[in-house]
Amino acid sequence: MVVNNRGKLKNIFKSSVWVIKLLFRFSPRLFVAIFITQIVTSIAPFLRTKVFSQLIDSLTSPSKNNWVSPFVIFLLVGLVTSLFFFLQGQLNRILDIKLQAYLRKIFINKVAHLDYQHLESKTTSELISKVDEEFGWRIRQTVGDMSNLFFNLMSLVAITVIILPKYPYIWLLIMVAQIPQYLVERHWVKKDWQVHESNSDKNKEMWDLNYELRQKNYIAELRINNAVDYLVGKFNGLFDFFANQRVSVKVAKTPSEVALTVLSTIIGGISLGLIINDVVLGLMTIGAFTFYFDTIRRVGEVFANFVYTTVSITENSYHIDNFKQILDLENVIINGKRKLNLKTAPEIEFKDVSFKYPGAERYVFKNINLKINSSEEIALVGENGAGKSTLIKLLCCFYYPTSGTILIGGVDSRKLNLQNWYQHLAYLTQEFNTFSNLSLQENVTISNPNKAINKEEVLLALKNADAKFWQKYKKGLDTPMSQRYGGEEPSWGQWQKISIARIFYRDSKVMILDEPTASIDAVSEHKIFNELYRKVKNKTLIIVSHRFSTVRNAQRIIVLSKGQIAEQGSHEELLAIKDGIYAKSFKLQAKGYN
């Protein structure tokens with residue numbers, strides 16, 4: 001148990017040091033300015049009380065004419081103290097605003113540049129979700145807590161210098177009395193944290209429900225199905241669960257808090273009695289009594305703040321550790337140095353490739369061999385889970401093969417410079433993106449944002465994608481793609497046409513389309529693929545689809561089944577295979593149409 005506590009204390013210390021380094025790296029001048037003002041504001045109240053005690057003594061002395069000097073000094077010290085407290089508040093507000101922006105930027109930048117496989121990982125995605133909810137205010141609160149901690153430490157030093165020489169027993173009594181308070185508070189913070197951590201799945205579910213109950217695409221279906229109250233009930237139940245858990249911790253903590261309050265009152269009474277006795281015996285002036293009384297009174301406040309601050313830092317250190325874990329995540333996919341100098345589409349070859357997802361036991365592929373010739377039109381078909389999308393992920397270098405080699409233009413995918421490879425690649429995912437916060441033109445040109453915008457090319461891309469609906473937009477290409485931004489609200493099929501326009505606009509040597517026309521009507525699909533096959537001369541086209549009308553015109557169709565290439569050939573060749581997988585599937589789909 002001792003080792004565990006030491007480990008936790010070490011972790012808290014590391015988190016605190018990390019925050020200090022972060023703060024200094026973020027704004028060294030602001031850090032130094034706050035440090036200096038903190039020293040002044042922690043000592044100034046005691047100096048002011050000391051000068052005030054001298055003013056009282058000057059007023060109660062037989063000669064009452066010497067009060068002017070202490071009065072002026074008291075006013076000056078008060079003015080300087082007020083100015084430094086104001087300056088400290090301003091600096092802290094500035095720090096909080098700038099730090100909030102800085103933390104959000106480094107968090108988004110880190111997550112956006114993580115490997116695709118990190119984002120697919122359950123552990124990492126849960127960590128990101130957990131951190132996204134709290135990291136900003138937790139770190140900013142820790143910065144404030146550490147500032148307060150330094151303030152309280154400096155105040156305790158000042159208190160020690162004042163009290164210890166004259167009243168060592170009072171000092172010792174007060175300090176020892178604070179130990180139970182620290183231990184009790186630390187114990188209950190740990191309990192509170194355990195409630196949070198042990199129910200992290202419920203917390204995630206609660207915030208998912210919170211999202212679903214605010215989105216129109218969820219609400220439309222839920223309202224028709226009379227299911228809104230069902231999900232609201234689940235949300236309320238989870239919210240009540242967490243509230244009751246926290247309340248139960250607070251209730252259980254009450255007896256110890258009452259005991260600590262009684263102890264604090266007794267200690268304060270004993271200390272006050274001792275200095276009153278010195279006044280009665282004539283060993284202390286009224287002014288000095290005021291000074292020592294105020295200082296002793298401050299001990300309880302300062303130490304209580306010290307305890308609460310350290311406990312808060314302890315609690316926040318767990319959350320900060322999660323944020324550090326995100327920043328410390330290392331990408332598995334290492335950017336290589338080999339660049340492709342391509343004038344034509346590269347040859348792609350899978351050589352004895354086996355693959356299983358990180359942490360999984362089951363292989364998706366085992367010893368697959370596949371060669372895609374330069375400028376070849378390929379279609380991947382197969383049942384759900386056959387590995388079509390996984391094959392694409394390997395080709396895009398989102399993952400490395402577990403064993404075997406993928407050669408792109410003769411270069412091992414592990415050695416490729418990814419930025420260079422991606423310049424030659426266009427990829428439309430099955431879960432295509434909808435940028436409702438961007439204009440129609442930006443939704444198309446985001447496929448190649450570094451290219452100088454040519455409106456004629458944007459219009460041609462939309463035309464090739466059969467996206468004529470934009471012509472009804474009053475703002476044309478500048479129309480925002482959401483009514484929330486004062487624009488239009490495309491249908492899902494229209495969104496898919498916009499995403500296909502991105503592929504046409506990018507005009508890369510290798511084009512990958514994963515279920516590209518799943519939400520598009522048959523007439524538009526026919527037009528789009530006629531244009532696509534016309535445009536892909538001297539390009540490699542890879543299509544993943546369940547619709548035979550989409551894949552039948554490909555030069556070669558590859559049928560995946562149970563992690564293997566079961567069949568391959570042209571549409572006519574595959575239909576000629578008796579009892580073949582492709583032939584059976586085609587006949588079933590054709591029968592459905594008939």
# chains A, B, ... in the order shown; residues from 1 in each chain; ligands from 1
call {"tool": "closest_atom_pairs", "arguments": {"of": "region 267-364 of chain A", "to": "region 142-154 of chain A", "cutoff": "12 Å", "atoms": "only C-alpha atoms", "output": "Markdown table"}}
result
| residue | atom | partner | partner_atom | distance |
| --- | --- | --- | --- | --- |
| A:Arg298 | CA | A:Asn152 | CA | 10.3 |
| A:Val299 | CA | A:Asn152 | CA | 9.6 |
| A:Gly300 | CA | A:Asn152 | CA | 11.1 |
| A:Glu301 | CA | A:Asn152 | CA | 9.3 |
| A:Val302 | CA | A:Asn152 | CA | 5.6 |
| A:Phe303 | CA | A:Asn152 | CA | 7.2 |
| A:Ala304 | CA | A:Asn152 | CA | 9.3 |
| A:Asn305 | CA | A:Asn152 | CA | 7.1 |
| A:Phe306 | CA | A:Asn152 | CA | 5.8 |
| A:Val307 | CA | A:Leu149 | CA | 8.9 |
| A:Tyr308 | CA | A:Asp145 | CA | 9.0 |
| A:Thr309 | CA | A:Asp145 | CA | 5.5 |
| A:Thr310 | CA | A:Leu149 | CA | 7.2 |
| A:Val311 | CA | A:Asp145 | CA | 9.6 |
| A:Ser312 | CA | A:Asp145 | CA | 7.2 |
| A:Ile313 | CA | A:Thr142 | CA | 5.8 |
| A:Thr314 | CA | A:Thr142 | CA | 9.2 |
| A:Glu315 | CA | A:Thr142 | CA | 9.5 |
| A:Asn316 | CA | A:Thr142 | CA | 6.7 |
| A:Ser317 | CA | A:Thr142 | CA | 8.1 |
| A:Tyr318 | CA | A:Thr142 | CA | 11.3 |
| A:His319 | CA | A:Thr142 | CA | 10.3 |
| A:Ile320 | CA | A:Thr142 | CA | 8.9 |
call {"tool": "write_last_selection", "arguments": {"atoms": "N, CA and C atoms", "output": "mmCIF file, in the first residue's frame"}}
result
data_model
loop_
_atom_site.group_PDB
_atom_site.id
_atom_site.type_symbol
_atom_site.label_atom_id
_atom_site.label_comp_id
_atom_site.auth_asym_id
_atom_site.auth_seq_id
_atom_site.Cartn_x
_atom_site.Cartn_y
_atom_site.Cartn_z
ATOM 1 N N ARG A 298 -5.360 33.675 10.218
ATOM 2 C CA ARG A 298 -5.034 33.367 8.833
ATOM 3 C C ARG A 298 -4.473 31.954 8.666
ATOM 4 N N VAL A 299 -3.864 31.406 9.728
ATOM 5 C CA VAL A 299 -3.266 30.068 9.614
ATOM 6 C C VAL A 299 -4.312 29.067 9.177
ATOM 7 N N GLY A 300 -5.467 29.099 9.866
ATOM 8 C CA GLY A 300 -6.528 28.160 9.515
ATOM 9 C C GLY A 300 -6.979 28.333 8.078
ATOM 10 N N GLU A 301 -7.171 29.604 7.665
ATOM 11 C CA GLU A 301 -7.620 29.879 6.300
ATOM 12 C C GLU A 301 -6.586 29.434 5.270
ATOM 13 N N VAL A 302 -5.325 29.850 5.525
ATOM 14 C CA VAL A 302 -4.257 29.544 4.575
ATOM 15 C C VAL A 302 -4.049 28.046 4.469
ATOM 16 N N PHE A 303 -4.028 27.355 5.613
ATOM 17 C CA PHE A 303 -3.773 25.917 5.564
ATOM 18 C C PHE A 303 -4.967 25.176 4.971
ATOM 19 N N ALA A 304 -6.177 25.658 5.269
ATOM 20 C CA ALA A 304 -7.365 25.035 4.660
ATOM 21 C C ALA A 304 -7.305 25.193 3.141
ATOM 22 N N ASN A 305 -6.957 26.415 2.682
ATOM 23 C CA ASN A 305 -6.803 26.632 1.240
ATOM 24 C C ASN A 305 -5.693 25.765 0.666
ATOM 25 N N PHE A 306 -4.627 25.624 1.438
ATOM 26 C CA PHE A 306 -3.504 24.774 1.017
ATOM 27 C C PHE A 306 -3.969 23.329 0.836
ATOM 28 N N VAL A 307 -4.749 22.844 1.822
ATOM 29 C CA VAL A 307 -5.254 21.466 1.766
ATOM 30 C C VAL A 307 -6.188 21.290 0.566
ATOM 31 N N TYR A 308 -7.170 22.196 0.431
ATOM 32 C CA TYR A 308 -8.130 22.086 -0.664
ATOM 33 C C TYR A 308 -7.441 22.183 -2.024
ATOM 34 N N THR A 309 -6.415 23.041 -2.100
ATOM 35 C CA THR A 309 -5.696 23.206 -3.364
ATOM 36 C C THR A 309 -4.924 21.947 -3.723
ATOM 37 N N THR A 310 -4.217 21.374 -2.749
ATOM 38 C CA THR A 310 -3.456 20.153 -3.028
ATOM 39 C C THR A 310 -4.382 18.993 -3.370
ATOM 40 N N VAL A 311 -5.538 18.942 -2.700
ATOM 41 C CA VAL A 311 -6.520 17.900 -3.004
ATOM 42 C C VAL A 311 -7.061 18.085 -4.429
ATOM 43 N N SER A 312 -7.325 19.342 -4.802
ATOM 44 C CA SER A 312 -7.811 19.635 -6.154
ATOM 45 C C SER A 312 -6.760 19.252 -7.197
ATOM 46 N N ILE A 313 -5.494 19.562 -6.899
ATOM 47 C CA ILE A 313 -4.401 19.191 -7.809
ATOM 48 C C ILE A 313 -4.324 17.668 -7.923
ATOM 49 N N THR A 314 -4.529 16.983 -6.788
ATOM 50 C CA THR A 314 -4.517 15.518 -6.789
ATOM 51 C C THR A 314 -5.608 14.971 -7.699
ATOM 52 N N GLU A 315 -6.808 15.531 -7.547
ATOM 53 C CA GLU A 315 -7.939 15.065 -8.362
ATOM 54 C C GLU A 315 -7.686 15.338 -9.841
ATOM 55 N N ASN A 316 -7.223 16.536 -10.145
ATOM 56 C CA ASN A 316 -7.024 16.919 -11.542
ATOM 57 C C ASN A 316 -5.848 16.199 -12.182
ATOM 58 N N SER A 317 -4.912 15.734 -11.346
ATOM 59 C CA SER A 317 -3.726 15.059 -11.898
ATOM 60 C C SER A 317 -4.114 13.815 -12.679
ATOM 61 N N TYR A 318 -5.199 13.137 -12.249
ATOM 62 C CA TYR A 318 -5.653 11.953 -12.968
ATOM 63 C C TYR A 318 -6.105 12.333 -14.388
ATOM 64 N N HIS A 319 -6.850 13.448 -14.489
ATOM 65 C CA HIS A 319 -7.333 13.902 -15.793
ATOM 66 C C HIS A 319 -6.184 14.413 -16.660
ATOM 67 N N ILE A 320 -5.239 15.117 -16.016
ATOM 68 C CA ILE A 320 -4.075 15.624 -16.745
ATOM 69 C C ILE A 320 -3.249 14.466 -17.288
#
call {"tool": "residues_around", "arguments": {"residues": "Asp132 (chain A)", "least_positions_apart": "4", "cutoff": "9 Å", "atoms": "only C-alpha atoms", "output": "number ranges by chain"}}
result
A: 107, 127-128, 136, 323
call {"tool": "atom_distance", "arguments": {"atom1": "CA of Ile528 (chain A)", "atom2": "CA of Asp507 (chain A)"}}
result
14.8 Å
call {"tool": "residues_around", "arguments": {"residues": "region 479-484 of chain A", "least_positions_apart": "4", "cutoff": "6 Å", "atoms": "only C-alpha atoms", "output": "JSON, numbers by chain"}}
result
{"A": [436, 438, 439, 440, 475, 488, 489]}
call {"tool": "atom_distance", "arguments": {"atom1": "CA of Thr295 (chain A)", "atom2": "CA of Ala158 (chain A)"}}
result
9.2 Å
call {"tool": "select_by_dssp", "arguments": {"residues": "region 187-356 of chain A", "states": "helix (DSSP H, G or I)", "output": "PyMOL selection string"}}
result
chain A and resi 187-198+200-212+216-224+228-280+286-328
call {"tool": "closest_residue", "arguments": {"among": "A:Asp201, A:Thr344, A:Val364, A:Val228", "to": "Leu213 (chain A)", "atoms": "only C-alpha atoms"}}
result
A:Val228
call {"tool": "residues_around", "arguments": {"residues": "Ile565 (chain A)", "least_positions_apart": "5", "cutoff": "9 Å", "atoms": "only C-alpha atoms", "output": "PDB file with C-alpha atoms, in the first residue's frame"}}
result
ATOM      1  CA  ILE A 368      -3.033 -12.881 -50.303  1.00  0.00           C
ATOM      2  CA  ASN A 369      -1.311 -12.258 -53.640  1.00  0.00           C
ATOM      3  CA  LEU A 370      -2.749  -9.621 -55.931  1.00  0.00           C
ATOM      4  CA  ILE A 558     -12.007  -9.531 -57.727  1.00  0.00           C
ATOM      5  CA  VAL A 559     -14.265 -11.590 -55.473  1.00  0.00           C
ATOM      6  CA  LEU A 560     -13.184 -11.812 -51.836  1.00  0.00           C
TER       7      LEU A 560
END
call {"tool": "closest_atom_pairs", "arguments": {"of": "region 439-514 of chain A", "to": "region 396-404 of chain A", "cutoff": "12 Å", "atoms": "only C-alpha atoms", "output": "JSON lines"}}
result
{"residue": "A:Val510", "atom": "CA", "partner": "A:Cys396", "partner_atom": "CA", "distance": 10.6}
{"residue": "A:Met511", "atom": "CA", "partner": "A:Cys396", "partner_atom": "CA", "distance": 11.1}
{"residue": "A:Ile512", "atom": "CA", "partner": "A:Cys396", "partner_atom": "CA", "distance": 9.5}
call {"tool": "residues_around", "arguments": {"residues": "Tyr169 (chain A)", "least_positions_apart": "6", "cutoff": "12 Å", "atoms": "only C-alpha atoms", "output": "list in words"}}
result
Thr160, Ile163, Met175, Val176, Ile267, Ile270, Ser271, Leu274 and Ile275 of chain A
call {"tool": "residues_around", "arguments": {"residues": "Gly563 (chain A)", "least_positions_apart": "4", "cutoff": "9 Å", "atoms": "only C-alpha atoms", "output": "PyMOL selection string"}}
result
chain A and resi 363-366+368+385-387
call {"tool": "write_last_selection", "arguments": {"atoms": "C-alpha atoms", "output": "tab-separated table (two decimals), in the first residue's frame"}}
result
chain	number	residue	atom	x	y	z
A	363	TYR	CA	-6.76	-12.82	-39.45
A	364	VAL	CA	-8.70	-10.85	-42.05
A	365	PHE	CA	-6.34	-12.08	-44.79
A	366	LYS	CA	-3.90	-14.95	-45.02
A	368	ILE	CA	-3.03	-12.88	-50.30
A	385	GLY	CA	-16.75	-8.66	-43.60
A	386	ALA	CA	-14.92	-10.27	-46.53
A	387	GLY	CA	-12.12	-7.69	-46.17
call {"tool": "atom_distance", "arguments": {"atom1": "CA of Leu407 (chain A)", "atom2": "CA of Phe350 (chain A)"}}
result
6.5 Å
call {"tool": "closest_residue", "arguments": {"among": "A:Tyr116, A:Phe46, A:Phe74, A:Tyr102", "to": "Ile333 (chain A)", "atoms": "only C-alpha atoms"}}
result
A:Tyr116
call {"tool": "closest_residue", "arguments": {"among": "A:Leu95, A:Ala583, A:Ile498, A:Ile43", "to": "Phe24 (chain A)", "atoms": "only C-alpha atoms"}}
result
A:Leu95
call {"tool": "closest_residue", "arguments": {"among": "A:Pro255, A:Gly493, A:Gly233, A:Pro168", "to": "Ala465 (chain A)", "atoms": "only C-alpha atoms"}}
result
A:Gly493
